>>> print(open('protein-v6.cif').read())   # mmCIF, C-alpha atoms
data_data
#
loop_
_atom_site.group_PDB
_atom_site.id
_atom_site.type_symbol
_atom_site.label_atom_id
_atom_site.label_comp_id
_atom_site.auth_asym_id
_atom_site.auth_seq_id
_atom_site.Cartn_x
_atom_site.Cartn_y
_atom_site.Cartn_z
ATOM 1 C CA MET H 71 -13.236 -18.279 -4.821
ATOM 2 C CA TYR H 72 -11.227 -17.863 -8.024
ATOM 3 C CA LEU H 73 -7.873 -18.793 -6.475
ATOM 4 C CA GLY H 74 -8.811 -22.456 -6.228
ATOM 5 C CA ASN H 75 -6.381 -24.591 -4.246
ATOM 6 C CA SER H 76 -3.416 -22.288 -4.712
ATOM 7 C CA PRO H 77 -0.910 -22.436 -1.843
ATOM 8 C CA PHE H 78 -1.189 -18.633 -1.581
ATOM 9 C CA GLU H 79 -4.997 -18.641 -1.269
ATOM 10 C CA PRO H 80 -5.172 -18.179 2.539
ATOM 11 C CA LEU H 81 -2.628 -15.355 2.447
ATOM 12 C CA ILE H 82 -4.295 -13.470 -0.401
ATOM 13 C CA SER H 83 -7.855 -13.913 0.860
ATOM 14 C CA SER H 84 -6.930 -12.802 4.385
ATOM 15 C CA THR H 85 -5.245 -9.521 3.447
ATOM 16 C CA GLY H 86 -8.292 -7.588 2.197
ATOM 17 C CA TYR H 87 -8.985 -5.624 5.383
ATOM 18 C CA THR H 88 -5.307 -4.942 6.017
ATOM 19 C CA VAL H 89 -4.684 -3.580 2.531
ATOM 20 C CA GLY H 90 -7.848 -1.461 2.659
ATOM 21 C CA PHE H 91 -6.889 -0.053 6.045
ATOM 22 C CA LEU H 92 -3.402 0.853 4.788
ATOM 23 C CA ILE H 93 -4.860 2.587 1.730
ATOM 24 C CA VAL H 94 -7.135 4.670 3.958
ATOM 25 C CA ILE H 95 -4.402 5.602 6.432
ATOM 26 C CA LEU H 96 -1.625 6.244 3.896
ATOM 27 C CA GLY H 97 -4.057 8.203 1.723
ATOM 28 C CA ARG H 98 -4.775 10.383 4.762
ATOM 29 C CA MET H 99 -8.477 9.667 4.476
ATOM 30 C CA GLN H 100 -10.595 9.754 7.596
ATOM 31 C CA LEU H 101 -12.907 6.965 8.594
ATOM 32 C CA PHE H 102 -14.922 8.058 11.592
ATOM 33 C CA THR H 103 -15.043 4.567 12.993
ATOM 34 C CA GLU H 104 -11.252 4.272 12.730
ATOM 35 C CA ASN H 105 -10.327 7.648 14.215
ATOM 36 C CA PRO H 106 -12.766 8.991 16.843
ATOM 37 C CA ILE H 107 -10.034 11.116 18.460
ATOM 38 C CA THR H 108 -10.714 13.996 16.038
ATOM 39 C CA THR H 109 -14.069 14.568 17.723
ATOM 40 C CA ILE H 110 -12.831 14.105 21.283
ATOM 41 C CA ILE H 111 -9.835 16.481 21.258
ATOM 42 C CA PRO H 112 -11.970 19.633 20.817
ATOM 43 C CA LEU H 113 -14.343 18.394 23.520
ATOM 44 C CA LEU H 114 -11.537 17.759 25.998
ATOM 45 C CA SER H 115 -9.653 20.951 25.164
ATOM 46 C CA GLU H 116 -12.667 23.156 25.938
ATOM 47 C CA TRP H 117 -15.202 21.160 27.901
ATOM 48 C CA SER H 118 -18.787 22.354 27.531
ATOM 49 C CA LEU H 119 -22.219 20.824 27.439
ATOM 50 C CA LYS H 120 -22.743 22.265 23.951
ATOM 51 C CA ARG H 121 -19.649 20.441 22.608
ATOM 52 C CA LEU H 122 -20.636 17.242 24.385
ATOM 53 C CA LEU H 123 -24.079 17.376 22.762
ATOM 54 C CA LYS H 124 -22.439 17.912 19.353
ATOM 55 C CA VAL H 125 -20.228 14.828 19.862
ATOM 56 C CA ILE H 126 -23.221 12.775 20.976
ATOM 57 C CA ARG H 127 -25.193 13.972 17.932
ATOM 58 C CA LEU H 128 -22.317 13.082 15.593
ATOM 59 C CA TRP H 129 -21.757 9.640 17.109
ATOM 60 C CA SER H 130 -25.500 8.924 17.151
ATOM 61 C CA THR H 131 -25.767 9.852 13.478
ATOM 62 C CA VAL H 132 -22.810 7.646 12.541
ATOM 63 C CA PHE H 133 -24.169 4.760 14.621
ATOM 64 C CA LEU H 134 -27.650 5.092 13.117
ATOM 65 C CA PHE H 135 -26.366 5.084 9.541
ATOM 66 C CA ASN H 136 -23.995 2.188 10.253
ATOM 67 C CA ILE H 137 -26.999 0.187 11.482
ATOM 68 C CA ILE H 138 -29.083 1.211 8.460
ATOM 69 C CA GLY H 139 -26.221 0.325 6.093
ATOM 70 C CA THR H 140 -25.759 -3.031 7.812
ATOM 71 C CA ALA H 141 -29.483 -3.793 7.523
ATOM 72 C CA ILE H 142 -29.545 -2.867 3.825
ATOM 73 C CA THR H 143 -26.459 -4.995 3.141
ATOM 74 C CA ALA H 144 -27.894 -7.933 5.091
ATOM 75 C CA ALA H 145 -31.188 -7.691 3.192
ATOM 76 C CA PHE H 146 -29.311 -7.524 -0.106
ATOM 77 C CA PHE H 147 -27.241 -10.624 0.617
ATOM 78 C CA ALA H 148 -30.186 -12.485 2.157
ATOM 79 C CA SER H 149 -32.129 -12.241 -1.101
ATOM 80 C CA GLU H 150 -32.051 -15.518 -2.974
ATOM 81 C CA HIS H 151 -31.492 -13.723 -6.305
ATOM 82 C CA THR H 152 -28.430 -11.710 -5.274
ATOM 83 C CA LEU H 153 -25.572 -14.206 -5.314
ATOM 84 C CA SER H 154 -24.748 -17.201 -7.412
ATOM 85 C CA ALA H 155 -24.337 -20.482 -5.539
ATOM 86 C CA PRO H 156 -20.497 -20.537 -5.862
ATOM 87 C CA VAL H 157 -20.146 -16.946 -4.588
ATOM 88 C CA GLU H 158 -22.517 -17.605 -1.681
ATOM 89 C CA SER H 159 -20.567 -20.732 -0.796
ATOM 90 C CA ALA H 160 -17.263 -18.835 -0.931
ATOM 91 C CA MET H 161 -18.627 -16.050 1.305
ATOM 92 C CA TYR H 162 -19.860 -18.628 3.805
ATOM 93 C CA GLU H 163 -16.462 -20.330 3.823
ATOM 94 C CA VAL H 164 -14.602 -17.057 4.398
ATOM 95 C CA ALA H 165 -16.962 -16.056 7.218
ATOM 96 C CA THR H 166 -16.616 -19.487 8.827
ATOM 97 C CA ASN H 167 -12.804 -19.326 8.671
ATOM 98 C CA ILE H 168 -12.764 -15.854 10.201
ATOM 99 C CA MET H 169 -15.038 -16.906 13.050
ATOM 100 C CA GLN H 170 -12.896 -19.975 13.724
ATOM 101 C CA LEU H 171 -9.778 -17.778 13.881
ATOM 102 C CA LYS H 172 -11.499 -15.384 16.281
ATOM 103 C CA LEU H 173 -12.575 -18.249 18.508
ATOM 104 C CA MET H 174 -9.053 -19.707 18.494
ATOM 105 C CA CYS H 175 -7.590 -16.312 19.441
ATOM 106 C CA LYS H 176 -10.147 -15.867 22.194
ATOM 107 C CA TYR H 177 -9.380 -19.205 23.805
ATOM 108 C CA HIS H 178 -5.585 -18.929 23.449
ATOM 109 C CA SER H 179 -5.262 -15.467 24.990
#
>>> encode(input="protein-v6.cif", output="structure tokens")
Amino acid sequence: MYLGNSPFEPLISSTGYTVGFLIVILGRMQLFTENPITTIIPLLSEWSLKRLLKVIRLWSTVFLFNIIGTAITAAFFASEHTLSAPVESAMYEVATNIMQLKLMCKYHS
């Protein structure tokens, strides 16, 4: 929103996820949703119903809290007092551009 009509605006605004992902990986941090193999290796190395139930419990917990977090975030942004009009417009524009890119990739692959 603050870059205006700079020629670098699309490049800068599109690199957020990539930079964040690199920070997480290079910092050797673990995001469960990015690296599920750490829960599967112990299960596959020594298969048991007990380990399977632990993996299911872990994944269910992560899924549940991802859904709760998504609902809280959606409610926050849906409130009419949360965002100023320019920020809301910028978020809408970014989301629209991302969806258009995804649709273009889907139809060209």
>>> atom_distance(input="protein-v6.cif", atom1="CA of Pro106 in chain H", atom2="CA of Val125 in chain H")
9.9 Å
>>> atom_distance(input="protein-v6.cif", atom1="CA of Gln170 in chain H", atom2="CA of Asn136 in chain H")
25.0 Å
>>> residues_around(input="protein-v6.cif", residues="range 158-169 of chain H", least_positions_apart="4", cutoff="9 Å", atoms="only C-alpha atoms", output="PyMOL selection string")
chain H and resi 71+83-84+147+153-154+173-174
>>> atom_distance(input="protein-v6.cif", atom1="CA of Val132 in chain H", atom2="CA of Thr108 in chain H")
14.1 Å
>>> decode(input="protein-v6.cif", residues="range 108-137 of chain H", atoms="N, CA and C atoms", output="PDB file, in the first residue's frame")
ATOM      1  N   THR H 108       8.885 -35.112  10.634  1.00  0.00           N
ATOM      2  CA  THR H 108       9.426 -35.370  11.971  1.00  0.00           C
ATOM      3  C   THR H 108       8.474 -36.203  12.825  1.00  0.00           C
ATOM      4  N   THR H 109       7.193 -36.211  12.490  1.00  0.00           N
ATOM      5  CA  THR H 109       6.267 -37.062  13.229  1.00  0.00           C
ATOM      6  C   THR H 109       6.088 -38.424  12.567  1.00  0.00           C
ATOM      7  N   ILE H 110       6.370 -38.511  11.293  1.00  0.00           N
ATOM      8  CA  ILE H 110       6.151 -39.761  10.561  1.00  0.00           C
ATOM      9  C   ILE H 110       7.331 -40.719  10.679  1.00  0.00           C
ATOM     10  N   ILE H 111       8.550 -40.213  10.736  1.00  0.00           N
ATOM     11  CA  ILE H 111       9.727 -41.093  10.806  1.00  0.00           C
ATOM     12  C   ILE H 111       9.665 -42.034  12.015  1.00  0.00           C
ATOM     13  N   PRO H 112       9.378 -41.530  13.229  1.00  0.00           N
ATOM     14  CA  PRO H 112       9.277 -42.476  14.352  1.00  0.00           C
ATOM     15  C   PRO H 112       8.162 -43.505  14.158  1.00  0.00           C
ATOM     16  N   LEU H 113       7.066 -43.080  13.567  1.00  0.00           N
ATOM     17  CA  LEU H 113       5.949 -44.005  13.324  1.00  0.00           C
ATOM     18  C   LEU H 113       6.353 -45.104  12.346  1.00  0.00           C
ATOM     19  N   LEU H 114       7.041 -44.739  11.284  1.00  0.00           N
ATOM     20  CA  LEU H 114       7.430 -45.723  10.279  1.00  0.00           C
ATOM     21  C   LEU H 114       8.604 -46.594  10.732  1.00  0.00           C
ATOM     22  N   SER H 115       9.453 -46.043  11.601  1.00  0.00           N
ATOM     23  CA  SER H 115      10.600 -46.833  12.055  1.00  0.00           C
ATOM     24  C   SER H 115      10.188 -47.930  13.027  1.00  0.00           C
ATOM     25  N   GLU H 116       9.180 -47.677  13.840  1.00  0.00           N
ATOM     26  CA  GLU H 116       8.658 -48.686  14.764  1.00  0.00           C
ATOM     27  C   GLU H 116       7.147 -48.600  14.763  1.00  0.00           C
ATOM     28  N   TRP H 117       6.543 -49.269  13.800  1.00  0.00           N
ATOM     29  CA  TRP H 117       5.091 -49.178  13.628  1.00  0.00           C
ATOM     30  C   TRP H 117       4.365 -49.777  14.833  1.00  0.00           C
ATOM     31  N   SER H 118       3.434 -48.985  15.390  1.00  0.00           N
ATOM     32  CA  SER H 118       2.565 -49.514  16.442  1.00  0.00           C
ATOM     33  C   SER H 118       1.297 -48.672  16.465  1.00  0.00           C
ATOM     34  N   LEU H 119       0.257 -49.265  16.973  1.00  0.00           N
ATOM     35  CA  LEU H 119      -1.014 -48.557  17.079  1.00  0.00           C
ATOM     36  C   LEU H 119      -0.885 -47.370  18.027  1.00  0.00           C
ATOM     37  N   LYS H 120      -0.101 -47.545  19.082  1.00  0.00           N
ATOM     38  CA  LYS H 120       0.101 -46.469  20.066  1.00  0.00           C
ATOM     39  C   LYS H 120       0.747 -45.238  19.393  1.00  0.00           C
ATOM     40  N   ARG H 121       1.774 -45.476  18.573  1.00  0.00           N
ATOM     41  CA  ARG H 121       2.427 -44.357  17.868  1.00  0.00           C
ATOM     42  C   ARG H 121       1.491 -43.724  16.845  1.00  0.00           C
ATOM     43  N   LEU H 122       0.731 -44.558  16.152  1.00  0.00           N
ATOM     44  CA  LEU H 122      -0.233 -44.032  15.186  1.00  0.00           C
ATOM     45  C   LEU H 122      -1.246 -43.127  15.881  1.00  0.00           C
ATOM     46  N   LEU H 123      -1.744 -43.550  17.027  1.00  0.00           N
ATOM     47  CA  LEU H 123      -2.713 -42.738  17.771  1.00  0.00           C
ATOM     48  C   LEU H 123      -2.088 -41.421  18.247  1.00  0.00           C
ATOM     49  N   LYS H 124      -0.799 -41.458  18.595  1.00  0.00           N
ATOM     50  CA  LYS H 124      -0.108 -40.224  18.996  1.00  0.00           C
ATOM     51  C   LYS H 124       0.004 -39.255  17.816  1.00  0.00           C
ATOM     52  N   VAL H 125       0.328 -39.782  16.628  1.00  0.00           N
ATOM     53  CA  VAL H 125       0.417 -38.936  15.429  1.00  0.00           C
ATOM     54  C   VAL H 125      -0.952 -38.348  15.097  1.00  0.00           C
ATOM     55  N   ILE H 126      -1.974 -39.177  15.163  1.00  0.00           N
ATOM     56  CA  ILE H 126      -3.333 -38.689  14.889  1.00  0.00           C
ATOM     57  C   ILE H 126      -3.728 -37.614  15.896  1.00  0.00           C
ATOM     58  N   ARG H 127      -3.394 -37.829  17.163  1.00  0.00           N
ATOM     59  CA  ARG H 127      -3.702 -36.822  18.200  1.00  0.00           C
ATOM     60  C   ARG H 127      -2.971 -35.506  17.916  1.00  0.00           C
ATOM     61  N   LEU H 128      -1.686 -35.604  17.564  1.00  0.00           N
ATOM     62  CA  LEU H 128      -0.904 -34.406  17.266  1.00  0.00           C
ATOM     63  C   LEU H 128      -1.481 -33.656  16.065  1.00  0.00           C
ATOM     64  N   TRP H 129      -1.727 -34.381  14.978  1.00  0.00           N
ATOM     65  CA  TRP H 129      -2.244 -33.739  13.770  1.00  0.00           C
ATOM     66  C   TRP H 129      -3.643 -33.172  14.004  1.00  0.00           C
ATOM     67  N   SER H 130      -4.455 -33.852  14.776  1.00  0.00           N
ATOM     68  CA  SER H 130      -5.800 -33.347  15.085  1.00  0.00           C
ATOM     69  C   SER H 130      -5.723 -32.052  15.888  1.00  0.00           C
ATOM     70  N   THR H 131      -4.800 -32.026  16.848  1.00  0.00           N
ATOM     71  CA  THR H 131      -4.618 -30.821  17.663  1.00  0.00           C
ATOM     72  C   THR H 131      -4.160 -29.647  16.795  1.00  0.00           C
ATOM     73  N   VAL H 132      -3.175 -29.894  15.938  1.00  0.00           N
ATOM     74  CA  VAL H 132      -2.680 -28.831  15.060  1.00  0.00           C
ATOM     75  C   VAL H 132      -3.786 -28.359  14.126  1.00  0.00           C
ATOM     76  N   PHE H 133      -4.529 -29.291  13.540  1.00  0.00           N
ATOM     77  CA  PHE H 133      -5.621 -28.929  12.643  1.00  0.00           C
ATOM     78  C   PHE H 133      -6.673 -28.100  13.375  1.00  0.00           C
ATOM     79  N   LEU H 134      -7.077 -28.561  14.560  1.00  0.00           N
ATOM     80  CA  LEU H 134      -8.088 -27.844  15.332  1.00  0.00           C
ATOM     81  C   LEU H 134      -7.658 -26.412  15.626  1.00  0.00           C
ATOM     82  N   PHE H 135      -6.416 -26.232  16.080  1.00  0.00           N
ATOM     83  CA  PHE H 135      -5.966 -24.886  16.420  1.00  0.00           C
ATOM     84  C   PHE H 135      -5.700 -24.025  15.187  1.00  0.00           C
ATOM     85  N   ASN H 136      -5.363 -24.641  14.059  1.00  0.00           N
ATOM     86  CA  ASN H 136      -5.284 -23.871  12.812  1.00  0.00           C
ATOM     87  C   ASN H 136      -6.661 -23.353  12.426  1.00  0.00           C
ATOM     88  N   ILE H 137      -7.687 -24.179  12.568  1.00  0.00           N
ATOM     89  CA  ILE H 137      -9.054 -23.748  12.259  1.00  0.00           C
ATOM     90  C   ILE H 137      -9.505 -22.655  13.225  1.00  0.00           C
TER      91      ILE H 137
END
